[in-house]
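Engineer: Input structure: my_file-v7.txt, which contains compact mmCIF, C-alpha atoms (C1' of nucleotides).
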# COMPACT_ATOMS: atom_id res chain seq x y z
CA MET A 15 125.42 66.05 122.72
CA VAL A 16 123.31 68.53 120.77
CA LEU A 17 125.09 71.25 118.83
CA ARG A 18 122.79 74.25 118.43
CA VAL A 19 123.73 76.62 115.58
CA ALA A 20 121.88 79.88 114.90
CA SER A 21 121.82 82.77 112.44
CA PHE A 22 120.67 86.36 112.94
CA ASN A 23 120.85 89.42 110.71
CA ALA A 24 121.04 92.08 113.44
CA ASN A 25 120.80 95.20 111.24
CA SER A 26 123.30 96.91 113.61
CA ILE A 27 124.75 94.84 116.45
CA ARG A 28 124.97 97.88 118.73
CA THR A 29 121.29 98.72 118.35
CA ARG A 30 120.34 95.04 118.79
CA LEU A 31 122.84 94.13 121.52
CA ASP A 32 120.22 93.57 124.23
CA ILE A 33 118.12 91.35 121.96
CA VAL A 34 121.17 89.26 121.04
CA ILE A 35 122.53 88.91 124.59
CA GLN A 36 119.09 87.98 125.97
CA TRP A 37 118.62 85.45 123.19
CA LEU A 38 122.02 83.86 123.85
CA LYS A 39 121.29 83.57 127.57
CA ARG A 40 117.94 81.94 126.89
CA HIS A 41 118.84 79.58 124.04
CA LYS A 42 122.51 78.88 124.82
CA PRO A 43 123.57 78.01 121.26
CA ALA A 44 127.07 76.68 120.65
CA ILE A 45 127.29 79.01 117.63
CA LEU A 46 125.51 82.22 116.64
CA CYS A 47 126.37 83.77 113.28
CA ILE A 48 125.48 87.46 113.02
CA GLN A 49 125.22 89.55 109.84
CA GLU A 50 124.92 93.28 109.21
CA THR A 51 126.78 94.21 112.38
CA LYS A 52 127.39 97.67 110.83
CA VAL A 53 130.36 98.43 113.05
CA ARG A 54 134.11 98.78 112.63
CA ASP A 55 136.21 96.17 114.46
CA PHE A 56 137.62 98.62 117.02
CA GLU A 57 134.06 99.55 118.05
CA PHE A 58 132.64 96.01 118.21
CA PRO A 59 130.99 95.30 121.63
CA GLU A 60 133.21 92.27 122.26
CA SER A 61 133.16 92.41 126.08
CA SER A 62 129.36 92.03 126.21
CA PHE A 63 129.80 88.56 124.74
CA ASN A 64 132.81 87.64 126.86
CA GLU A 65 130.92 88.60 130.03
CA ILE A 66 128.32 85.88 129.37
CA GLY A 67 130.91 83.23 128.53
CA TYR A 68 131.10 83.52 124.74
CA HIS A 69 133.98 84.01 122.35
CA VAL A 70 133.32 86.31 119.41
CA ILE A 71 135.19 86.97 116.18
CA PHE A 72 134.17 89.67 113.75
CA LYS A 73 134.96 91.53 110.55
CA GLY A 74 133.14 94.75 109.91
CA GLN A 75 133.11 98.18 108.37
CA LYS A 76 131.36 101.47 109.00
CA SER A 77 127.59 101.63 108.30
CA TYR A 78 127.23 98.60 106.06
CA ASN A 79 127.70 94.83 106.14
CA GLY A 80 129.80 93.20 108.85
CA VAL A 81 129.77 89.61 110.15
CA ALA A 82 130.53 87.94 113.47
CA ILE A 83 130.60 84.43 114.94
CA VAL A 84 129.73 84.00 118.62
CA SER A 85 130.75 80.67 120.16
CA ILE A 86 131.18 78.67 123.33
CA GLU A 87 134.25 76.91 121.92
CA GLU A 88 137.41 78.77 121.04
CA PRO A 89 137.71 79.37 117.29
CA LYS A 90 140.58 77.89 115.31
CA SER A 91 141.82 78.60 111.75
CA ILE A 92 139.96 81.92 111.50
CA ILE A 93 139.48 83.35 108.00
CA LYS A 94 138.18 86.90 107.59
CA GLY A 95 137.05 87.95 104.13
CA LEU A 96 137.39 86.44 100.69
CA GLU A 97 140.57 88.44 100.06
CA GLY A 98 138.83 91.15 98.13
CA THR A 99 137.60 94.65 98.74
CA ASP A 100 136.54 96.00 102.16
CA ASP A 101 132.95 95.36 101.14
CA GLU A 102 133.70 91.74 100.26
CA ASP A 103 135.73 91.15 103.39
CA ALA A 104 132.94 92.38 105.67
CA ARG A 105 130.64 89.71 104.22
CA PHE A 106 132.61 86.56 105.06
CA ILE A 107 134.03 85.03 108.21
CA SER A 108 134.81 81.43 109.03
CA ALA A 109 136.49 79.35 111.71
CA ILE A 110 136.77 75.77 112.94
CA TYR A 111 135.01 74.79 116.18
CA SER A 112 135.63 71.29 117.58
CA GLY A 113 136.51 70.07 114.09
CA ILE A 114 133.46 71.61 112.39
CA THR A 115 133.99 74.45 109.92
CA ILE A 116 131.49 77.27 110.37
CA ILE A 117 131.12 79.71 107.47
CA ASN A 118 129.11 82.89 108.05
CA THR A 119 128.21 85.01 105.02
CA TYR A 120 126.22 88.14 104.28
CA VAL A 121 125.52 87.83 100.58
CA PRO A 122 125.11 91.12 98.62
CA GLN A 123 121.45 92.06 98.31
CA GLY A 124 121.72 93.24 94.70
CA TYR A 125 119.47 96.33 94.74
CA SER A 126 117.81 95.78 91.33
CA ILE A 127 118.14 93.40 88.40
CA ASP A 128 119.54 96.10 86.09
CA SER A 129 122.16 97.39 88.54
CA SER A 130 125.84 96.50 88.80
CA LYS A 131 125.17 95.55 92.42
CA TYR A 132 123.13 92.61 91.14
CA GLN A 133 125.99 91.47 88.90
CA TYR A 134 128.26 91.76 91.94
CA LYS A 135 125.83 89.48 93.82
CA LEU A 136 125.92 86.83 91.06
CA GLN A 137 129.73 87.07 90.98
CA TRP A 138 129.86 86.72 94.76
CA PHE A 139 128.30 83.25 94.53
CA LYS A 140 130.86 82.23 91.89
CA LYS A 141 133.73 83.53 93.99
CA PHE A 142 132.41 81.68 97.03
CA ARG A 143 132.15 78.42 95.07
CA THR A 144 135.76 78.88 93.91
CA PHE A 145 136.81 79.37 97.53
CA LEU A 146 135.06 76.12 98.51
CA GLU A 147 136.69 74.20 95.67
CA ARG A 148 140.11 75.56 96.51
CA TYR A 149 140.21 75.22 100.27
CA LEU A 150 137.51 72.79 101.47
CA SER A 151 136.06 69.36 100.79
CA PRO A 152 132.35 68.46 100.68
CA SER A 153 133.23 65.26 102.55
CA SER A 154 134.31 67.30 105.60
CA PRO A 155 131.90 68.66 108.22
CA ILE A 156 130.95 72.22 107.19
CA ILE A 157 127.98 74.33 108.25
CA TRP A 158 127.24 77.37 106.06
CA VAL A 159 125.12 79.96 107.80
CA GLY A 160 123.95 83.39 106.81
CA ASP A 161 121.73 85.93 105.18
CA LEU A 162 122.04 84.58 101.63
CA ASN A 163 119.56 87.12 100.22
CA VAL A 164 117.91 84.39 98.13
CA ALA A 165 114.54 82.73 98.62
CA PRO A 166 115.31 79.39 96.94
CA GLU A 167 111.77 78.35 95.97
CA ALA A 168 108.23 79.71 95.51
CA ILE A 169 107.36 78.30 98.92
CA ASP A 170 109.94 80.64 100.48
CA VAL A 171 108.10 83.90 99.76
CA HIS A 172 104.59 85.10 100.61
CA ASP A 173 103.77 86.20 97.04
CA PRO A 174 105.75 84.22 94.45
CA LYS A 175 103.84 85.68 91.48
CA GLY A 176 104.13 89.30 92.58
CA LEU A 177 107.76 89.05 93.67
CA LEU A 178 109.06 87.16 90.63
CA GLY A 179 111.97 89.16 89.21
CA HIS A 180 113.10 90.56 92.53
CA VAL A 181 116.88 90.37 93.12
CA CYS A 182 116.24 87.87 95.91
CA PHE A 183 113.63 85.85 94.03
CA ASN A 184 114.23 84.98 90.38
CA PRO A 185 115.44 81.88 88.50
CA GLU A 186 118.91 83.34 87.80
CA VAL A 187 119.78 84.14 91.40
CA GLN A 188 118.22 80.88 92.58
CA GLN A 189 120.48 79.08 90.10
CA ALA A 190 123.51 81.02 91.43
CA LEU A 191 122.76 79.74 94.93
CA LYS A 192 122.02 76.27 93.59
CA GLU A 193 125.44 76.06 91.96
CA VAL A 194 127.03 76.61 95.35
CA LYS A 195 124.68 74.09 96.97
CA GLU A 196 125.62 71.54 94.33
CA TRP A 197 129.19 71.63 95.57
CA GLY A 198 127.84 69.75 98.57
CA PHE A 199 125.34 71.58 100.80
CA ILE A 200 121.95 70.49 102.09
CA ASP A 201 119.35 73.01 103.30
CA VAL A 202 119.02 71.84 106.90
CA PHE A 203 115.94 73.95 107.67
CA ARG A 204 114.00 72.63 104.66
CA LYS A 205 115.05 69.06 105.47
CA HIS A 206 112.95 69.30 108.64
CA HIS A 207 110.02 71.17 107.07
CA PRO A 208 109.63 69.77 103.54
CA GLY A 209 106.86 71.50 101.59
CA VAL A 210 105.79 73.62 104.56
CA PRO A 211 104.80 77.19 103.55
CA ASN A 212 104.87 80.39 105.62
CA LYS A 213 108.29 79.74 107.13
CA TYR A 214 109.94 83.15 106.91
CA THR A 215 113.02 84.79 108.44
CA PHE A 216 112.68 88.34 107.03
CA PHE A 217 109.76 90.74 107.29
CA ASP A 218 109.93 94.16 105.66
CA TYR A 219 109.67 97.02 108.17
CA ARG A 220 107.40 98.83 105.73
CA VAL A 221 104.69 96.17 105.90
CA ARG A 222 102.53 96.69 108.97
CA ASN A 223 102.10 93.61 111.19
CA ALA A 224 104.04 91.60 108.61
CA VAL A 225 104.79 88.74 111.03
CA GLN A 226 101.15 88.34 112.08
CA ARG A 227 100.05 88.55 108.44
CA GLU A 228 102.81 86.12 107.35
CA ILE A 229 104.13 88.56 104.73
CA GLY A 230 107.77 87.48 104.70
CA TRP A 231 110.70 85.85 102.98
CA ARG A 232 112.97 82.92 103.87
CA VAL A 233 116.39 84.32 103.00
CA ASP A 234 118.40 83.38 106.11
CA HIS A 235 119.69 79.85 105.88
CA ILE A 236 121.58 77.06 107.60
CA LEU A 237 123.11 74.54 105.22
CA ALA A 238 125.51 71.71 105.89
CA THR A 239 127.58 69.14 104.07
CA LYS A 240 126.06 65.65 103.90
CA LEU A 241 127.94 64.13 106.80
CA ILE A 242 126.77 66.77 109.24
CA ALA A 243 123.35 67.41 107.66
CA GLU A 244 122.55 63.76 108.34
CA LYS A 245 123.10 64.50 112.02
CA SER A 246 120.60 67.36 112.20
CA VAL A 247 117.66 66.58 114.47
CA ASP A 248 115.65 69.81 114.31
CA ALA A 249 115.50 73.28 112.74
CA TYR A 250 113.24 76.21 113.50
CA ILE A 251 112.63 79.93 113.18
CA ASP A 252 112.18 81.96 116.38
CA LEU A 253 109.79 84.81 115.58
CA LYS A 254 109.62 86.23 119.10
CA PRO A 255 112.58 88.62 118.66
CA ARG A 256 110.84 90.04 115.56
CA LEU A 257 107.86 90.95 117.75
CA GLN A 258 109.91 92.78 120.38
CA GLU A 259 110.34 96.54 120.53
CA ARG A 260 112.87 97.87 118.02
CA PRO A 261 113.38 94.50 116.33
CA SER A 262 115.65 93.70 113.43
CA ASP A 263 113.79 93.12 110.18
CA HIS A 264 115.20 89.58 110.27
CA THR A 265 114.83 86.98 113.00
CA PHE A 266 116.69 83.97 114.37
CA VAL A 267 117.04 80.67 112.50
CA VAL A 268 118.25 77.63 114.43
CA ALA A 269 119.45 74.13 113.56
CA GLU A 270 120.34 71.37 115.99
CA PHE A 271 122.75 68.54 115.33
CA ARG A 272 123.32 65.42 117.41
CA ILE A 273 127.07 64.89 117.29
C1' DA B 13 98.51 102.27 98.17
C1' DT B 14 103.86 103.01 92.71
C1' DG B 15 103.74 104.07 99.33
C1' DG B 16 105.51 102.39 103.52
C1' DT B 17 110.10 101.85 107.95
C1' DG B 18 114.60 101.67 109.84
C1' DG B 19 119.92 102.29 110.64
C1' DC B 20 123.72 105.09 109.90
C1' DA B 21 126.01 108.82 108.32
C1' DC B 22 125.77 113.18 107.09
C1' DC B 23 121.97 116.47 103.98
C1' DG B 24 121.64 110.26 100.75
C1' DC B 25 122.42 105.27 100.72
C1' DC B 26 121.20 100.71 101.61
C1' DA B 27 117.98 97.20 102.77
Go through the file and emit its structure as structure tokens.

Structural biologist:
Amino acid sequence: MVLRVASFNANSIRTRLDIVIQWLKRHKPAILCIQETKVRDFEFPESSFNEIGYHVIFKGQKSYNGVAIVSIEEPKSIIKGLEGTDDEDARFISAIYSGITIINTYVPQGYSIDSSKYQYKLQWFKKFRTFLERYLSPSSPIIWVGDLNVAPEAIDVHDPKGLLGHVCFNPEVQQALKEVKEWGFIDVFRKHHPGVPNKYTFFDYRVRNAVQREIGWRVDHILATKLIAEKSVDAYIDLKPRLQERPSDHTFVVAEFRI
DNA sequence: ATGGTGGCACCGCCA
């Protein structure tokens, strides 16, 4: 069977509920990881997912951050947060689905290189790597999904010269992500599109017709440990939701595994 | 173009 896993930064799940529900009905993924839900848990629109046959788990806060995992299978061994502050907790959720660990993260954006928020971002990657070392093994099947707020290579942004030094595009933050990858993750999207430019998942609202003009960033990712990455058969970005009315600034990324 | 848009909460902050 094919296991379809997707990621979407909703930039408010309540504002984007129709887009998400329609997308689920059409694409029928086994797993959809959502970031920036921007809603407290008691206000999360859980029943909308249940009504179309999906489970959903979530960890959020008011206005900012918030993550959720939507699934066909029932989640087991749910972990919400990295046992830190409210901000940290609303950036991490994980569970096991049919023996596969799904980790959904919304990595801090960082604001600017000289801000403490950027240091917090770098520290977040270290804390996440420590979590992996402590609780998981790279020889087990793990899929790490999320808005990682890092474009890993020059090919992942529309203007690598102009954007160099941005909090999401500089050697230091790329190294921070790399150190987590080196624990045992493979970039499943890039595996299927090696060296292919203009593959973006985020388009700034402030840039007019950014999708049509291919002025974007690849910051939303699906990675997997070796065992499961070897079973991926396809990966793609669905730009159609970014062209709808009232879109999120991000769009859907999908990976498919034959398991 | 040193701007621009969008969500949410509250009259600024974050992306």

Engineer: If we count only C-alpha atoms (C1' of nucleotides) and set the cut-off at 7 Å, which residues sit around A:Phe266, ignoring sequence neighbours fewer than 3 positions away in its own chain? Please answer as a list in words.

Structural biologist: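 Everything that qualifies: Ala20, Ser21, Phe22, Ile251 and Asp252 of chain A.
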
Engineer: Calculate how many Å separate atom CA of A:Ala168 from atom CA of A:Thr265, rounding to one decimal.

Structural biologist: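 Pair atom CA of A:Ala168 / atom CA of A:Thr265 returns 20.1 Å.
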
Engineer: Could you list, as a list in words, every residue of chain B that has an atom within 8 Å of an atom of chain A, counting all atoms listed in the file?

Structural biologist: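 Interface list for chain B against chain A: DG16, DT17, DG18, DG19, DC20, DA21, DC26 and DA27 of chain B.
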
Engineer: Those residues you just picked out, can you put them in a file as a PDB file, keeping the file's coordinate frame with C-alpha atoms (C1' of nucleotides)?

Structural biologist:
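And here is the file that came out, again38.pdb:
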ATOM      1  C1'  DG B  16     105.510 102.390 103.520  1.00  0.00           C
ATOM      2  C1'  DT B  17     110.100 101.850 107.950  1.00  0.00           C
ATOM      3  C1'  DG B  18     114.600 101.670 109.840  1.00  0.00           C
ATOM      4  C1'  DG B  19     119.920 102.290 110.640  1.00  0.00           C
ATOM      5  C1'  DC B  20     123.720 105.090 109.900  1.00  0.00           C
ATOM      6  C1'  DA B  21     126.010 108.820 108.320  1.00  0.00           C
ATOM      7  C1'  DC B  26     121.200 100.710 101.610  1.00  0.00           C
ATOM      8  C1'  DA B  27     117.980  97.200 102.770  1.00  0.00           C
TER       9       DA B  27
END

Engineer: At a cut-off of 6 Å, using all atoms listed in the file, what residues contact A:Ala238? Leave out same-chain residues fewer than 3 positions from it and give the result as JSON, numbers by chain.

Structural biologist: {"A": [156, 157, 158, 199, 200, 243]}

Engineer: For the atom pair atom CA of A:Ala190 and atom CA of A:Val121, what is the interatomic distance in Å to one decimal place?

Structural biologist: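 Atom CA of A:Val121 lies 11.6 Å from atom CA of A:Ala190.
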